[in-house]
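Structure file my_file14.txt with compact mmCIF, C-alpha atoms and all ligand atoms:
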```
# COMPACT_ATOMS: atom_id res chain seq x y z
CA MET B 18 104.85 99.61 88.27
CA ILE B 19 106.66 96.61 89.72
CA LEU B 20 110.22 96.35 88.55
CA ILE B 21 113.19 94.11 89.18
CA LEU B 22 116.69 95.42 88.67
CA LEU B 23 119.08 92.65 87.79
CA GLY B 24 122.81 92.91 87.24
CA ALA B 25 126.17 91.78 88.50
CA PRO B 26 127.48 93.24 91.77
CA GLY B 27 128.69 96.78 91.07
CA SER B 28 126.62 97.17 87.90
CA GLY B 29 124.96 100.32 89.27
CA LYS B 30 121.58 98.82 90.27
CA GLY B 31 121.40 100.83 93.50
CA THR B 32 122.23 104.12 91.79
CA GLN B 33 119.68 103.56 89.04
CA ALA B 34 117.06 102.35 91.53
CA LYS B 35 117.36 105.62 93.48
CA ARG B 36 116.80 107.60 90.32
CA LEU B 37 113.75 105.51 89.42
CA VAL B 38 112.38 106.14 92.93
CA ALA B 39 112.56 109.88 92.33
CA ARG B 40 111.08 109.57 88.85
CA HIS B 41 108.21 107.18 89.56
CA GLY B 42 107.52 107.84 93.24
CA ILE B 43 107.69 104.17 94.19
CA PRO B 44 110.05 102.74 96.85
CA GLN B 45 113.35 100.93 96.30
CA LEU B 46 113.43 97.57 98.05
CA SER B 47 117.06 96.61 98.47
CA THR B 48 117.48 93.36 100.39
CA GLY B 49 121.18 94.22 100.71
CA ASP B 50 120.26 97.47 102.56
CA MET B 51 117.68 95.65 104.71
CA LEU B 52 120.17 92.95 105.67
CA ARG B 53 122.90 95.52 106.40
CA ALA B 54 120.44 97.35 108.67
CA ALA B 55 119.76 94.06 110.47
CA VAL B 56 123.52 93.50 110.90
CA ALA B 57 124.04 97.08 112.15
CA SER B 58 121.29 96.68 114.75
CA ALA B 59 122.75 93.32 115.86
CA SER B 60 119.29 91.74 115.62
CA PRO B 61 119.03 87.93 115.66
CA LEU B 62 118.61 88.02 111.87
CA GLY B 63 121.64 90.29 111.58
CA SER B 64 123.83 87.92 113.59
CA ARG B 65 122.66 85.01 111.41
CA VAL B 66 123.55 86.67 108.11
CA LYS B 67 126.63 88.74 108.92
CA SER B 68 129.30 86.14 108.20
CA ILE B 69 127.48 84.96 105.06
CA MET B 70 127.40 88.52 103.71
CA ASP B 71 130.98 89.26 104.70
CA ARG B 72 132.25 86.36 102.64
CA GLY B 73 130.11 87.31 99.63
CA ASP B 74 127.72 84.35 99.70
CA LEU B 75 123.95 84.55 99.38
CA VAL B 76 121.80 84.40 102.48
CA PRO B 77 119.20 81.57 102.47
CA ASP B 78 116.19 81.96 100.19
CA ALA B 79 113.85 81.56 103.18
CA VAL B 80 115.30 84.71 104.80
CA ILE B 81 114.70 86.68 101.60
CA GLU B 82 111.19 85.28 101.30
CA GLU B 83 110.37 86.46 104.79
CA ILE B 84 111.71 89.99 104.46
CA VAL B 85 110.50 90.64 100.91
CA THR B 86 107.01 89.21 101.48
CA ALA B 87 106.52 91.44 104.51
CA ARG B 88 107.97 94.53 102.85
CA ILE B 89 105.94 94.47 99.63
CA GLN B 90 102.71 94.42 101.61
CA GLU B 91 103.49 97.72 103.33
CA SER B 92 101.33 100.65 102.28
CA ASP B 93 104.02 102.56 100.39
CA CYS B 94 104.26 99.64 97.93
CA ARG B 95 100.65 100.06 96.86
CA ASN B 96 101.52 101.77 93.58
CA GLY B 97 104.51 99.62 92.86
CA PHE B 98 108.12 99.12 93.91
CA ILE B 99 111.59 98.43 92.63
CA LEU B 100 113.28 95.22 93.72
CA ASP B 101 116.97 96.13 93.75
CA GLY B 102 119.18 93.05 94.11
CA ALA B 103 116.28 91.41 95.93
CA VAL B 104 115.87 88.51 93.51
CA ARG B 105 119.06 86.51 93.15
CA THR B 106 118.10 82.87 92.65
CA VAL B 107 115.49 81.05 90.59
CA VAL B 108 113.87 79.90 93.86
CA GLN B 109 113.47 83.55 94.88
CA ALA B 110 112.07 84.46 91.44
CA GLU B 111 109.46 81.71 91.74
CA MET B 112 108.66 82.89 95.25
CA ILE B 113 108.12 86.50 94.05
CA ASP B 114 105.87 85.30 91.23
CA ARG B 115 103.87 83.25 93.73
CA VAL B 116 103.55 86.06 96.30
CA LEU B 117 102.60 88.66 93.67
CA GLY B 118 100.09 86.22 92.19
CA LYS B 119 98.45 85.76 95.59
CA LEU B 120 98.21 89.54 95.95
CA GLY B 121 96.68 89.80 92.47
CA ARG B 122 99.67 91.71 91.17
CA ALA B 123 102.33 91.05 88.55
CA LEU B 124 105.81 92.06 87.63
CA ASP B 125 105.96 94.63 84.82
CA ALA B 126 109.58 94.31 83.77
CA VAL B 127 113.03 93.07 84.69
CA VAL B 128 115.79 95.46 83.73
CA LEU B 129 119.12 93.72 83.25
CA LEU B 130 122.12 96.06 83.47
CA GLU B 131 124.83 94.56 81.29
CA VAL B 132 128.38 95.55 82.18
CA ASP B 133 131.86 94.14 81.63
CA GLU B 134 133.69 92.59 84.53
CA ASN B 135 137.00 94.48 84.26
CA ALA B 136 135.14 97.75 84.18
CA LEU B 137 133.24 96.66 87.28
CA LEU B 138 136.44 95.96 89.17
CA LYS B 139 137.73 99.44 88.24
CA ARG B 140 134.40 100.97 89.32
CA LEU B 141 134.68 99.19 92.67
CA GLU B 142 138.24 100.41 93.23
CA THR B 143 137.13 103.98 92.45
CA ARG B 144 134.18 103.65 94.85
CA ILE B 145 136.39 102.35 97.67
CA ALA B 146 138.91 105.18 97.08
CA GLU B 147 136.10 107.78 97.08
CA ASP B 148 134.52 106.36 100.23
CA ARG B 149 137.87 106.36 102.03
CA LYS B 150 138.58 109.95 100.89
CA ALA B 151 135.18 111.13 102.10
CA GLY B 152 135.68 109.34 105.42
CA ARG B 153 132.73 107.04 104.70
CA PRO B 154 132.83 103.50 106.05
CA VAL B 155 133.85 100.94 103.44
CA ARG B 156 131.55 97.91 103.22
CA GLU B 157 133.15 94.70 104.49
CA ASP B 158 132.14 92.92 101.30
CA ASP B 159 133.78 95.67 99.21
CA THR B 160 137.21 94.17 98.75
CA PRO B 161 138.52 92.97 95.38
CA GLU B 162 138.62 89.35 96.71
CA THR B 163 135.04 89.37 97.98
CA PHE B 164 134.00 91.18 94.84
CA ARG B 165 135.36 88.33 92.71
CA LYS B 166 133.55 85.87 94.94
CA ARG B 167 130.29 87.83 94.52
CA GLN B 168 130.81 87.81 90.74
CA ASP B 169 131.18 84.01 90.84
CA VAL B 170 128.04 83.72 92.96
CA TYR B 171 126.23 85.99 90.48
CA ARG B 172 127.26 83.85 87.52
CA ALA B 173 126.33 80.58 89.22
CA GLN B 174 123.13 81.51 91.04
CA THR B 175 121.72 84.77 89.66
CA ALA B 176 122.52 84.64 85.94
CA PRO B 177 120.02 81.73 85.47
CA LEU B 178 117.35 84.37 86.08
CA ILE B 179 118.14 85.84 82.66
CA PRO B 180 116.61 82.93 80.68
CA TYR B 181 113.89 82.62 83.37
CA TYR B 182 112.62 86.16 82.74
CA GLU B 183 113.36 85.96 79.03
CA ARG B 184 110.88 83.07 78.84
CA GLN B 185 108.30 85.24 80.62
CA GLY B 186 108.90 87.99 78.03
CA LYS B 187 109.78 90.41 80.85
CA LEU B 188 113.52 90.83 80.38
CA ARG B 189 114.76 94.24 79.14
CA ARG B 190 118.49 94.34 78.44
CA VAL B 191 120.19 97.67 79.02
CA ASP B 192 123.81 98.52 78.28
CA GLY B 193 125.04 99.49 81.74
CA MET B 194 128.29 101.04 80.56
CA GLY B 195 128.36 104.82 80.41
CA THR B 196 127.55 107.72 82.68
CA ILE B 197 124.73 107.45 85.22
CA GLU B 198 122.63 109.77 83.01
CA THR B 199 123.28 107.77 79.84
CA VAL B 200 122.30 104.49 81.50
CA ALA B 201 119.27 106.17 83.10
CA ALA B 202 118.09 107.37 79.67
CA ARG B 203 118.42 103.82 78.30
CA ILE B 204 116.37 102.48 81.20
CA ASP B 205 113.68 105.12 80.63
CA ALA B 206 113.59 104.14 76.96
CA VAL B 207 113.01 100.42 77.64
CA LEU B 208 110.48 101.18 80.38
CA GLY B 209 108.61 103.54 78.07
CA ALA B 210 108.38 100.69 75.61
CA THR B 211 107.23 98.34 78.40
CA LYS B 212 104.47 100.77 79.42
CA SER B 213 103.07 101.12 75.92
CA GLU B 214 103.19 97.33 75.41
CA THR B 215 101.31 96.79 78.68
CA ALA B 216 98.80 99.50 77.80
CA SER B 217 98.17 98.03 74.36
CA LYS B 218 97.50 94.64 75.98
CA GLY B 219 94.89 96.34 78.14
CA GLY B 220 96.88 95.92 81.35
CA THR B 221 97.78 98.50 83.93
CA THR B 222 101.23 99.76 84.68
CA GLY B 223 100.63 100.69 88.34
P1 LIG K 1 123.88 93.92 97.79
O1 LIG K 1 124.03 95.16 98.57
O2 LIG K 1 122.57 93.87 97.03
O3 LIG K 1 125.05 93.63 96.90
O4 LIG K 1 123.79 92.71 98.84
C1 LIG K 1 124.83 92.48 99.77
C2 LIG K 1 124.79 91.05 100.27
O5 LIG K 1 123.53 90.80 100.90
C3 LIG K 1 124.90 89.98 99.21
O6 LIG K 1 126.24 89.72 98.84
C4 LIG K 1 124.24 88.80 99.91
O7 LIG K 1 125.10 88.24 100.89
C5 LIG K 1 123.10 89.46 100.65
N1 LIG K 1 121.88 89.54 99.82
C6 LIG K 1 121.24 90.66 99.40
N2 LIG K 1 120.16 90.37 98.69
C7 LIG K 1 120.09 89.02 98.63
C8 LIG K 1 119.20 88.09 98.02
N3 LIG K 1 118.13 88.49 97.33
N4 LIG K 1 119.46 86.77 98.19
C9 LIG K 1 120.50 86.34 98.90
N5 LIG K 1 121.40 87.14 99.48
C10 LIG K 1 121.20 88.48 99.36
```
Can you turn what I pasted into structure tokens?
Ligand code: AMP
Amino acid sequence: MILILLGAPGSGKGTQAKRLVARHGIPQLSTGDMLRAAVASASPLGSRVKSIMDRGDLVPDAVIEEIVTARIQESDCRNGFILDGAVRTVVQAEMIDRVLGKLGRALDAVVLLEVDENALLKRLETRIAEDRKAGRPVREDDTPETFRKRQDVYRAQTAPLIPYYERQGKLRRVDGMGTIETVAARIDAVLGATKSETASKGGTTG
């Protein structure tokens, strides 16, 4: 199964992706995590993207193309993978379609986690407080100001993916408000429906 998780910053994509990894045995491909690892290792890529990430902007599409194209061809992606925050512009979506097409593969579904912005800001503040309490490092892009910036970037550059995937018939809207378990159950429900649709069309679900 090849899945994209779409949703505003702080909508819980990462948390739900981890659960889907455990449930389906396919890897989570988070470009945010990959880029943070590059920054932490002070690689040339890391030095290029650090300031962009710190201010809450998107890194260039070409960078994403390079890292995602390489990653999805690794052996653990054979049975599928979950793109978590890895597709954030229409150019990237077209690139993923093209790369998957070349590999003879296709996206099964795009799960959109729908959440309300005020609740997201509260969630972020709770997460920062919890991280501080637990002595965990707080991400540099986890400040209310950068968060607002990332929301603006989401609305301007990522939200156009909603009609893009709607036109492909792949978009599955999920109410992202509620406990982790409640949201997880909603995701399972829409993916169950996706699987039976794919099966009845004679396709495979990977
Ligand atoms: P995330 O952890 O997914 O919120 O990503 C953190 C930051 O990494 C984003 O604010 C962007 O600066 C950068 N980033 C991650 N994924 C992408 C992507 N697909 N396209 C562009 N920038 C990205």
Given all atoms listed in the file as the counted atoms, nearest of B:Glu131, B:Glu162, B:Glu157, B:Glu142 to Gly24 of chain B: B:Glu131
Can you pull out every residue with an atom within 8 Å of ligand LIG 1 (chain K)? Use all atoms listed in the file and format it as an NGL selection string. :B and (26-27 or 31 or 47-50 or 52-53 or 66 or 69-78 or 81 or 101-106 or 109 or 158 or 167)
Rounded to one decimal in Å, what is the spacing between atom CA of Tyr171 of chain B and atom CA of Thr196 of chain B?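 So the answer is 23.1 Å.
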Quick one: distance from atom CA of Val116 of chain B to atom CA of Ala87 of chain B in Å, one decimal?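 Going from atom CA of Val116 of chain B over to atom CA of Ala87 of chain B covers 10.3 Å.
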Do you know which residues are at most 6 Å from Leu188 of chain B counting all atoms listed in the file, after dropping those on the same chain fewer than 4 positions away, and could you put them as a ChimeraX atom specification? /B:127,182-183
Can you pull out every residue within 9 Å of Gly42 of chain B, counting only C-alpha atoms, but drop anything in the same chain fewer than 4 positions away, and send it as a list in words?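 Here the answer would be Leu37, Val38, Asn96, Gly97 and Phe98 of chain B.
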Would you output that residue set with C-alpha atoms, as a CSV table (one decimal), keeping the file's coordinate frame?
```
chain,number,residue,atom,x,y,z
B,37,LEU,CA,113.8,105.5,89.4
B,38,VAL,CA,112.4,106.1,92.9
B,96,ASN,CA,101.5,101.8,93.6
B,97,GLY,CA,104.5,99.6,92.9
B,98,PHE,CA,108.1,99.1,93.9
```
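Take atom CA of Pro177 of chain B and atom CA of Leu23 of chain B: the distance between them is 11.2 Å.
Minimum atom-to-atom distances from B:Leu22, B:Ile145, B:Ile84, B:Ala206 to Ala126 of chain B were compared using all atoms listed in the file, and the lowest value belongs to B:Leu22.
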Just checking: using all atoms listed in the file, which residue out of B:Gly63, B:Leu138, B:Glu147, B:Val108 ends up closest to Lys166 of chain B? B:Leu138
Set up a box along x, y and z of the file covering all listed atoms of segment 150-159 of chain B, add 3 Å on every one of the six sides, and write the centre and edge lengths in Å to one decimal, as lines of an AutoDock Vina configuration file.
```
center_x = 135.1
center_y = 102.0
center_z = 102.6
size_x = 13.0
size_y = 24.2
size_z = 12.8
```
